[in-house]
file run_30.cif (mmCIF, C-alpha atoms)
data_protein
#
loop_
_atom_site.group_PDB
_atom_site.id
_atom_site.type_symbol
_atom_site.label_atom_id
_atom_site.label_comp_id
_atom_site.auth_asym_id
_atom_site.auth_seq_id
_atom_site.Cartn_x
_atom_site.Cartn_y
_atom_site.Cartn_z
ATOM 1 C CA MET A 53 1.750 109.302 9.321
ATOM 2 C CA THR A 54 2.310 105.779 7.977
ATOM 3 C CA SER A 55 1.365 104.631 4.519
ATOM 4 C CA LEU A 56 -1.319 102.108 3.687
ATOM 5 C CA THR A 57 1.408 99.672 2.562
ATOM 6 C CA GLU A 58 3.244 99.958 5.900
ATOM 7 C CA ASP A 59 0.001 99.536 7.878
ATOM 8 C CA PHE A 60 -0.989 96.552 5.732
ATOM 9 C CA ARG A 61 2.411 94.872 6.266
ATOM 10 C CA THR A 62 2.161 95.498 10.031
ATOM 11 C CA SER A 63 -1.338 94.006 10.160
ATOM 12 C CA LEU A 64 -0.222 90.854 8.333
ATOM 13 C CA ARG A 65 2.676 90.371 10.733
ATOM 14 C CA LEU A 66 0.107 89.943 13.526
ATOM 15 C CA CYS A 67 -1.147 86.711 11.934
ATOM 16 C CA ALA A 68 0.905 83.600 12.631
ATOM 17 C CA ALA A 69 1.573 81.587 9.475
ATOM 18 C CA SER A 70 3.198 78.209 8.929
ATOM 19 C CA ILE A 71 6.154 78.024 6.584
ATOM 20 C CA SER A 72 6.208 75.604 3.678
ATOM 21 C CA LEU A 73 8.765 75.019 0.999
ATOM 22 C CA VAL A 74 7.155 75.237 -2.416
ATOM 23 C CA THR A 75 9.145 73.087 -4.831
ATOM 24 C CA ALA A 76 8.971 72.320 -8.535
ATOM 25 C CA CYS A 77 10.925 70.475 -11.209
ATOM 26 C CA ASP A 78 11.754 72.090 -14.550
ATOM 27 C CA GLU A 79 11.731 70.405 -17.958
ATOM 28 C CA THR A 80 15.394 69.380 -17.665
ATOM 29 C CA GLY A 81 14.962 67.782 -14.221
ATOM 30 C CA GLY A 82 16.342 70.756 -12.270
ATOM 31 C CA TRP A 83 14.781 71.374 -8.871
ATOM 32 C CA HIS A 84 13.611 74.824 -7.758
ATOM 33 C CA GLY A 85 12.037 76.091 -4.562
ATOM 34 C CA MET A 86 11.451 78.824 -2.027
ATOM 35 C CA ALA A 87 10.032 79.328 1.466
ATOM 36 C CA VAL A 88 6.458 80.639 1.592
ATOM 37 C CA THR A 89 3.874 81.630 4.161
ATOM 38 C CA SER A 90 1.264 82.361 1.493
ATOM 39 C CA SER A 91 -0.055 78.827 1.016
ATOM 40 C CA GLY A 92 -2.843 76.750 2.415
ATOM 41 C CA SER A 93 -5.699 74.382 1.889
ATOM 42 C CA LEU A 94 -8.462 75.475 -0.416
ATOM 43 C CA SER A 95 -11.092 72.738 -0.561
ATOM 44 C CA MET A 96 -11.701 69.221 0.730
ATOM 45 C CA GLU A 97 -13.809 68.330 -2.315
ATOM 46 C CA PRO A 98 -11.863 68.216 -4.453
ATOM 47 C CA PRO A 99 -8.725 68.132 -2.307
ATOM 48 C CA SER A 100 -6.841 71.286 -3.276
ATOM 49 C CA MET A 101 -4.165 73.719 -2.154
ATOM 50 C CA MET A 102 -3.167 77.223 -3.147
ATOM 51 C CA VAL A 103 0.087 79.130 -3.137
ATOM 52 C CA ALA A 104 0.859 82.748 -4.026
ATOM 53 C CA ILE A 105 4.226 83.306 -5.716
ATOM 54 C CA ASN A 106 5.860 86.618 -6.612
ATOM 55 C CA HIS A 107 6.412 87.018 -10.354
ATOM 56 C CA THR A 108 10.119 87.684 -9.709
ATOM 57 C CA ALA A 109 10.713 84.417 -7.795
ATOM 58 C CA SER A 110 12.830 81.867 -9.676
ATOM 59 C CA VAL A 111 10.284 79.086 -9.069
ATOM 60 C CA HIS A 112 7.442 81.143 -10.624
ATOM 61 C CA PRO A 113 8.214 80.476 -14.314
ATOM 62 C CA VAL A 114 8.877 76.801 -13.565
ATOM 63 C CA ILE A 115 5.393 76.326 -12.093
ATOM 64 C CA LEU A 116 3.906 78.355 -14.954
ATOM 65 C CA ARG A 117 5.523 76.097 -17.573
ATOM 66 C CA THR A 118 5.174 72.704 -15.893
ATOM 67 C CA GLY A 119 1.883 73.134 -14.038
ATOM 68 C CA ARG A 120 3.140 71.211 -10.997
ATOM 69 C CA PHE A 121 4.307 72.036 -7.467
ATOM 70 C CA ALA A 122 4.723 70.518 -4.014
ATOM 71 C CA LEU A 123 4.115 72.158 -0.653
ATOM 72 C CA ASN A 124 6.427 70.735 2.028
ATOM 73 C CA LEU A 125 5.360 71.729 5.566
ATOM 74 C CA MET A 126 8.472 72.286 7.677
ATOM 75 C CA GLY A 127 8.878 71.165 11.271
ATOM 76 C CA GLU A 128 10.772 73.213 13.861
ATOM 77 C CA ASP A 129 13.605 70.699 13.703
ATOM 78 C CA ARG A 130 14.278 71.724 10.071
ATOM 79 C CA LEU A 131 14.979 75.390 10.751
ATOM 80 C CA ASP A 132 18.276 74.953 8.886
ATOM 81 C CA LEU A 133 16.315 74.839 5.604
ATOM 82 C CA LEU A 134 14.571 78.157 6.153
ATOM 83 C CA GLU A 135 17.612 80.314 5.419
ATOM 84 C CA ARG A 136 18.653 78.217 2.393
ATOM 85 C CA PHE A 137 15.204 78.561 0.821
ATOM 86 C CA SER A 138 14.775 82.245 1.724
ATOM 87 C CA ARG A 139 18.002 83.631 0.269
ATOM 88 C CA SER A 140 18.736 83.597 -3.468
ATOM 89 C CA ASP A 141 22.499 83.586 -2.802
ATOM 90 C CA MET A 142 22.049 80.156 -1.146
ATOM 91 C CA ARG A 143 20.065 78.681 -4.053
ATOM 92 C CA ASP A 144 22.771 76.076 -4.797
ATOM 93 C CA GLN A 145 22.542 74.762 -1.190
ATOM 94 C CA ARG A 146 18.782 74.140 -1.128
ATOM 95 C CA PHE A 147 18.529 70.546 -2.302
ATOM 96 C CA VAL A 148 21.099 68.604 -0.277
ATOM 97 C CA PRO A 149 21.358 65.004 -1.532
ATOM 98 C CA GLY A 150 19.687 62.535 0.803
ATOM 99 C CA GLU A 151 17.159 65.051 2.169
ATOM 100 C CA TRP A 152 14.904 65.010 -0.903
ATOM 101 C CA THR A 153 13.149 62.466 -3.084
ATOM 102 C CA ASP A 154 11.328 62.500 -6.408
ATOM 103 C CA ALA A 155 7.581 62.547 -5.842
ATOM 104 C CA VAL A 156 4.739 62.162 -8.354
ATOM 105 C CA GLY A 157 5.675 64.001 -11.544
ATOM 106 C CA GLY A 158 9.299 64.493 -10.446
ATOM 107 C CA VAL A 159 8.663 67.350 -8.011
ATOM 108 C CA PRO A 160 11.020 67.297 -5.012
ATOM 109 C CA ALA A 161 9.573 66.163 -1.694
ATOM 110 C CA LEU A 162 11.381 66.776 1.595
ATOM 111 C CA LYS A 163 11.878 63.333 3.150
ATOM 112 C CA ASP A 164 11.207 64.475 6.715
ATOM 113 C CA ALA A 165 8.594 67.173 6.093
ATOM 114 C CA LEU A 166 5.618 67.116 8.434
ATOM 115 C CA SER A 167 3.535 66.640 5.284
ATOM 116 C CA THR A 168 3.936 67.131 1.552
ATOM 117 C CA HIS A 169 1.110 67.908 -0.872
ATOM 118 C CA ILE A 170 1.839 67.138 -4.524
ATOM 119 C CA CYS A 171 -0.326 69.317 -6.761
ATOM 120 C CA SER A 172 -1.115 69.907 -10.406
ATOM 121 C CA VAL A 173 -2.188 73.419 -11.332
ATOM 122 C CA VAL A 174 -5.843 73.574 -12.351
ATOM 123 C CA GLU A 175 -6.206 77.352 -12.308
ATOM 124 C CA ARG A 176 -4.106 80.417 -11.739
ATOM 125 C CA HIS A 177 -4.865 84.049 -11.149
ATOM 126 C CA ASP A 178 -2.495 86.990 -11.474
ATOM 127 C CA PHE A 179 -3.003 89.758 -8.955
ATOM 128 C CA GLY A 180 -0.574 92.611 -8.417
ATOM 129 C CA THR A 181 2.955 91.265 -7.991
ATOM 130 C CA HIS A 182 1.876 87.644 -7.504
ATOM 131 C CA THR A 183 0.260 84.670 -9.194
ATOM 132 C CA VAL A 184 -2.029 82.506 -7.095
ATOM 133 C CA PHE A 185 -1.741 78.904 -8.241
ATOM 134 C CA PHE A 186 -4.660 76.619 -7.417
ATOM 135 C CA GLY A 187 -3.580 72.982 -7.334
ATOM 136 C CA ALA A 188 -5.487 69.709 -7.318
ATOM 137 C CA VAL A 189 -3.844 67.436 -4.749
ATOM 138 C CA GLU A 190 -2.544 64.296 -6.464
ATOM 139 C CA ASP A 191 -0.748 62.814 -3.484
ATOM 140 C CA VAL A 192 -0.206 63.457 0.218
ATOM 141 C CA ILE A 193 2.991 62.234 1.845
ATOM 142 C CA LEU A 194 3.015 61.884 5.637
ATOM 143 C CA PRO A 195 6.546 60.641 6.357
ATOM 144 C CA ARG A 196 6.686 61.651 10.012
ATOM 145 C CA THR A 197 5.397 59.436 12.779
ATOM 146 C CA ASP A 198 6.661 61.934 15.377
ATOM 147 C CA GLN A 199 3.662 64.219 15.819
ATOM 148 C CA ALA A 200 5.360 66.059 18.707
ATOM 149 C CA THR A 201 7.239 68.246 16.238
ATOM 150 C CA ALA A 202 5.448 71.543 15.649
ATOM 151 C CA PRO A 203 5.504 73.402 12.334
ATOM 152 C CA ILE A 204 7.767 76.417 11.920
ATOM 153 C CA LEU A 205 5.653 79.540 12.339
ATOM 154 C CA TRP A 206 6.321 83.105 11.289
ATOM 155 C CA LEU A 207 4.884 85.907 13.435
ATOM 156 C CA ASN A 208 5.701 89.616 13.580
ATOM 157 C CA GLY A 209 8.597 89.216 11.153
ATOM 158 C CA ALA A 210 10.329 86.431 13.070
ATOM 159 C CA ARG A 211 10.177 82.723 13.804
ATOM 160 C CA ALA A 212 7.649 81.754 16.453
ATOM 161 C CA SER A 213 6.679 78.527 18.208
ATOM 162 C CA VAL A 214 3.517 77.003 19.568
ATOM 163 C CA ALA A 215 2.986 74.830 22.603
ATOM 164 C CA THR A 216 1.959 71.228 22.145
ATOM 165 C CA PRO A 217 -1.824 71.127 21.636
ATOM 166 C CA LEU A 218 -3.887 70.153 24.667
ATOM 167 C CA THR A 219 -5.707 66.825 24.538
ATOM 168 C CA ASP A 220 -8.969 66.119 26.311
#
call {"tool": "encode", "arguments": {"input": "run_30.cif", "output": "structure tokens"}}
result
Amino acid sequence: MTSLTEDFRTSLRLCAASISLVTACDETGGWHGMAVTSSGSLSMEPPSMMVAINHTASVHPVILRTGRFALNLMGEDRLDLLERFSRSDMRDQRFVPGEWTDAVGGVPALKDALSTHICSVVERHDFGTHTVFFGAVEDVILPRTDQATAPILWLNGARASVATPLTD
């Protein structure tokens, strides 16, 4: 017999999720970040995003203190970043010079992300092991003109891909 936790994890793996890099800047100008699948849009009015971050993640206290974060949606051509932002032993390799820029409020924005949402925290809610940060969108960066690149997806515990959307 499996446990509720195991069944819950298995059920979540059946849902494809895009991967974003949540990034933040601390009070000394240091950049922090991690890969997440637990983010998304919240409301069009006002424009807002949400992200759930584990209390043990290094970026968690930075967002708590500064009240700012960016969500950088990754394209399939940036798979190299996924490992760097998923492993704590690669933390010093995350922000390669030339790939990142200062966005509104100093948060790091990936120069060739599919999109970047710069947010200021307006509310937060602790639940279990995570804090859900609700952010008002202050800026949207759309640096890519190549819309043929699909976002990196995570499905069943591994990277997945989608076909190019059909047009009518």
call {"tool": "closest_residue", "arguments": {"input": "run_30.cif", "among": "A:Thr181, A:Thr62, A:Ser110, A:Thr201", "to": "A:Gly85", "atoms": "all atoms listed in the file"}}
result
A:Ser110
call {"tool": "resolve_selection", "arguments": {"input": "run_30.cif", "expression": "the PyMOL selection byres ((chain A and resi 86) around 7)", "output": "ChimeraX atom specification"}}
result
/A:73-75,85,87-88,137-138
call {"tool": "residues_around", "arguments": {"input": "run_30.cif", "residues": "A:Val174", "least_positions_apart": "4", "cutoff": "9 Å", "atoms": "all atoms listed in the file", "output": "PDB file with C-alpha atoms, keeping the file's coordinate frame"}}
result
ATOM      1  CA  GLY A 119       1.883  73.134 -14.038  1.00  0.00           C
ATOM      2  CA  PHE A 185      -1.741  78.904  -8.241  1.00  0.00           C
ATOM      3  CA  PHE A 186      -4.660  76.619  -7.417  1.00  0.00           C
ATOM      4  CA  GLY A 187      -3.580  72.982  -7.334  1.00  0.00           C
ATOM      5  CA  ALA A 188      -5.487  69.709  -7.318  1.00  0.00           C
TER       6      ALA A 188
END
call {"tool": "atom_distance", "arguments": {"input": "run_30.cif", "atom1": "atom CA of A:Ile71", "atom2": "atom CA of A:Pro98"}}
result
23.3 Å
call {"tool": "atom_distance", "arguments": {"input": "run_30.cif", "atom1": "atom CA of A:Ser213", "atom2": "atom CA of A:Met101"}}
result
23.6 Å
call {"tool": "atom_distance", "arguments": {"input": "run_30.cif", "atom1": "atom CA of A:Ser100", "atom2": "atom CA of A:Ala202"}}
result
22.6 Å
call {"tool": "resolve_selection", "arguments": {"input": "run_30.cif", "expression": "the PyMOL selection byres ((chain A and resi 165) around 8)", "output": "PyMOL selection string"}}
result
chain A and resi 124-127+161-164+166-168+194-196
call {"tool": "residues_around", "arguments": {"input": "run_30.cif", "residues": "A:Arg136", "least_positions_apart": "2", "cutoff": "12 Å", "atoms": "all atoms listed in the file", "output": "list in words"}}
result
Leu73, His84, Gly85, Met86, Ala87, Arg130, Leu131, Asp132, Leu133, Leu134, Ser138, Arg139, Ser140, Asp141, Met142, Arg143, Asp144, Gln145, Arg146, Phe147 and Val148 of chain A
call {"tool": "write_last_selection", "arguments": {"input": "run_30.cif", "atoms": "C-alpha atoms", "output": "PDB file, in the coordinates of the input"}}
result
ATOM      1  CA  LEU A  73       8.765  75.019   0.999  1.00  0.00           C
ATOM      2  CA  HIS A  84      13.611  74.824  -7.758  1.00  0.00           C
ATOM      3  CA  GLY A  85      12.037  76.091  -4.562  1.00  0.00           C
ATOM      4  CA  MET A  86      11.451  78.824  -2.027  1.00  0.00           C
ATOM      5  CA  ALA A  87      10.032  79.328   1.466  1.00  0.00           C
ATOM      6  CA  ARG A 130      14.278  71.724  10.071  1.00  0.00           C
ATOM      7  CA  LEU A 131      14.979  75.390  10.751  1.00  0.00           C
ATOM      8  CA  ASP A 132      18.276  74.953   8.886  1.00  0.00           C
ATOM      9  CA  LEU A 133      16.315  74.839   5.604  1.00  0.00           C
ATOM     10  CA  LEU A 134      14.571  78.157   6.153  1.00  0.00           C
ATOM     11  CA  SER A 138      14.775  82.245   1.724  1.00  0.00           C
ATOM     12  CA  ARG A 139      18.002  83.631   0.269  1.00  0.00           C
ATOM     13  CA  SER A 140      18.736  83.597  -3.468  1.00  0.00           C
ATOM     14  CA  ASP A 141      22.499  83.586  -2.802  1.00  0.00           C
ATOM     15  CA  MET A 142      22.049  80.156  -1.146  1.00  0.00           C
ATOM     16  CA  ARG A 143      20.065  78.681  -4.053  1.00  0.00           C
ATOM     17  CA  ASP A 144      22.771  76.076  -4.797  1.00  0.00           C
ATOM     18  CA  GLN A 145      22.542  74.762  -1.190  1.00  0.00           C
ATOM     19  CA  ARG A 146      18.782  74.140  -1.128  1.00  0.00           C
ATOM     20  CA  PHE A 147      18.529  70.546  -2.302  1.00  0.00           C
ATOM     21  CA  VAL A 148      21.099  68.604  -0.277  1.00  0.00           C
TER      22      VAL A 148
END
call {"tool": "resolve_selection", "arguments": {"input": "run_30.cif", "expression": "the PyMOL selection byres ((chain A and resi 192) around 6)", "output": "list in words"}}
result
Thr168, His169, Asp191 and Ile193 of chain A
call {"tool": "closest_residue", "arguments": {"input": "run_30.cif", "among": "A:Ser55, A:Ser90, A:Gly180, A:Ala155", "to": "A:Cys67", "atoms": "all atoms listed in the file"}}
result
A:Ser90
call {"tool": "closest_residue", "arguments": {"input": "run_30.cif", "among": "A:Ser63, A:Thr54, A:Asn208, A:Thr183", "to": "A:Ala109", "atoms": "all atoms listed in the file"}}
result
A:Thr183
call {"tool": "closest_residue", "arguments": {"input": "run_30.cif", "among": "A:Val156, A:Ala104, A:Ala212, A:Leu64", "to": "A:Gly92", "atoms": "all atoms listed in the file"}}
result
A:Ala104
call {"tool": "closest_residue", "arguments": {"input": "run_30.cif", "among": "A:Glu135, A:Asp78, A:Asp59, A:Glu190", "to": "A:Ile115", "atoms": "all atoms listed in the file"}}
result
A:Asp78
call {"tool": "closest_residue", "arguments": {"input": "run_30.cif", "among": "A:Val189, A:Val159, A:Leu116, A:Cys171", "to": "A:Gly81", "atoms": "all atoms listed in the file"}}
result
A:Val159
call {"tool": "residues_around", "arguments": {"input": "run_30.cif", "residues": "A:Val184", "least_positions_apart": "4", "cutoff": "10 Å", "atoms": "only C-alpha atoms", "output": "number ranges by chain"}}
result
A: 90-91, 102-106, 175-179
call {"tool": "decode", "arguments": {"input": "run_30.cif", "residues": "stretch 68-84 of chain A", "atoms": "N, CA and C atoms", "output": "PDB file, in the first residue's frame"}}
result
ATOM      1  N   ALA A  68       1.765  18.501 -16.605  1.00  0.00           N
ATOM      2  CA  ALA A  68       2.910  19.197 -17.185  1.00  0.00           C
ATOM      3  C   ALA A  68       2.978  20.610 -16.611  1.00  0.00           C
ATOM      4  N   ALA A  69       4.187  21.054 -16.296  1.00  0.00           N
ATOM      5  CA  ALA A  69       4.385  22.389 -15.738  1.00  0.00           C
ATOM      6  C   ALA A  69       5.589  23.043 -16.402  1.00  0.00           C
ATOM      7  N   SER A  70       5.469  24.329 -16.706  1.00  0.00           N
ATOM      8  CA  SER A  70       6.612  25.055 -17.250  1.00  0.00           C
ATOM      9  C   SER A  70       7.596  25.356 -16.126  1.00  0.00           C
ATOM     10  N   ILE A  71       8.843  25.526 -16.500  1.00  0.00           N
ATOM     11  CA  ILE A  71       9.887  25.814 -15.528  1.00  0.00           C
ATOM     12  C   ILE A  71      10.308  27.267 -15.669  1.00  0.00           C
ATOM     13  N   SER A  72      10.301  27.959 -14.548  1.00  0.00           N
ATOM     14  CA  SER A  72      10.792  29.338 -14.495  1.00  0.00           C
ATOM     15  C   SER A  72      11.941  29.400 -13.511  1.00  0.00           C
ATOM     16  N   LEU A  73      12.763  30.398 -13.688  1.00  0.00           N
ATOM     17  CA  LEU A  73      13.797  30.692 -12.707  1.00  0.00           C
ATOM     18  C   LEU A  73      13.294  31.864 -11.885  1.00  0.00           C
ATOM     19  N   VAL A  74      13.098  31.635 -10.583  1.00  0.00           N
ATOM     20  CA  VAL A  74      12.726  32.731  -9.706  1.00  0.00           C
ATOM     21  C   VAL A  74      14.038  33.337  -9.223  1.00  0.00           C
ATOM     22  N   THR A  75      14.168  34.653  -9.373  1.00  0.00           N
ATOM     23  CA  THR A  75      15.396  35.335  -8.997  1.00  0.00           C
ATOM     24  C   THR A  75      15.083  36.515  -8.098  1.00  0.00           C
ATOM     25  N   ALA A  76      16.083  36.878  -7.287  1.00  0.00           N
ATOM     26  CA  ALA A  76      15.930  38.005  -6.366  1.00  0.00           C
ATOM     27  C   ALA A  76      17.310  38.595  -6.099  1.00  0.00           C
ATOM     28  N   CYS A  77      17.317  39.814  -5.597  1.00  0.00           N
ATOM     29  CA  CYS A  77      18.556  40.511  -5.270  1.00  0.00           C
ATOM     30  C   CYS A  77      18.528  40.879  -3.796  1.00  0.00           C
ATOM     31  N   ASP A  78      19.594  40.513  -3.061  1.00  0.00           N
ATOM     32  CA  ASP A  78      19.617  40.831  -1.633  1.00  0.00           C
ATOM     33  C   ASP A  78      20.048  42.275  -1.396  1.00  0.00           C
ATOM     34  N   GLU A  79      20.118  42.668  -0.146  1.00  0.00           N
ATOM     35  CA  GLU A  79      20.404  44.050   0.231  1.00  0.00           C
ATOM     36  C   GLU A  79      21.813  44.496  -0.143  1.00  0.00           C
ATOM     37  N   THR A  80      22.720  43.555  -0.355  1.00  0.00           N
ATOM     38  CA  THR A  80      24.095  43.898  -0.722  1.00  0.00           C
ATOM     39  C   THR A  80      24.324  43.828  -2.230  1.00  0.00           C
ATOM     40  N   GLY A  81      23.275  43.525  -2.998  1.00  0.00           N
ATOM     41  CA  GLY A  81      23.402  43.420  -4.450  1.00  0.00           C
ATOM     42  C   GLY A  81      23.675  42.014  -4.940  1.00  0.00           C
ATOM     43  N   GLY A  82      23.724  41.034  -4.036  1.00  0.00           N
ATOM     44  CA  GLY A  82      23.950  39.645  -4.434  1.00  0.00           C
ATOM     45  C   GLY A  82      22.706  39.036  -5.054  1.00  0.00           C
ATOM     46  N   TRP A  83      22.904  38.279  -6.128  1.00  0.00           N
ATOM     47  CA  TRP A  83      21.797  37.650  -6.834  1.00  0.00           C
ATOM     48  C   TRP A  83      21.587  36.224  -6.328  1.00  0.00           C
ATOM     49  N   HIS A  84      20.318  35.833  -6.242  1.00  0.00           N
ATOM     50  CA  HIS A  84      19.914  34.515  -5.766  1.00  0.00           C
ATOM     51  C   HIS A  84      18.825  33.988  -6.689  1.00  0.00           C
TER      52      HIS A  84
END
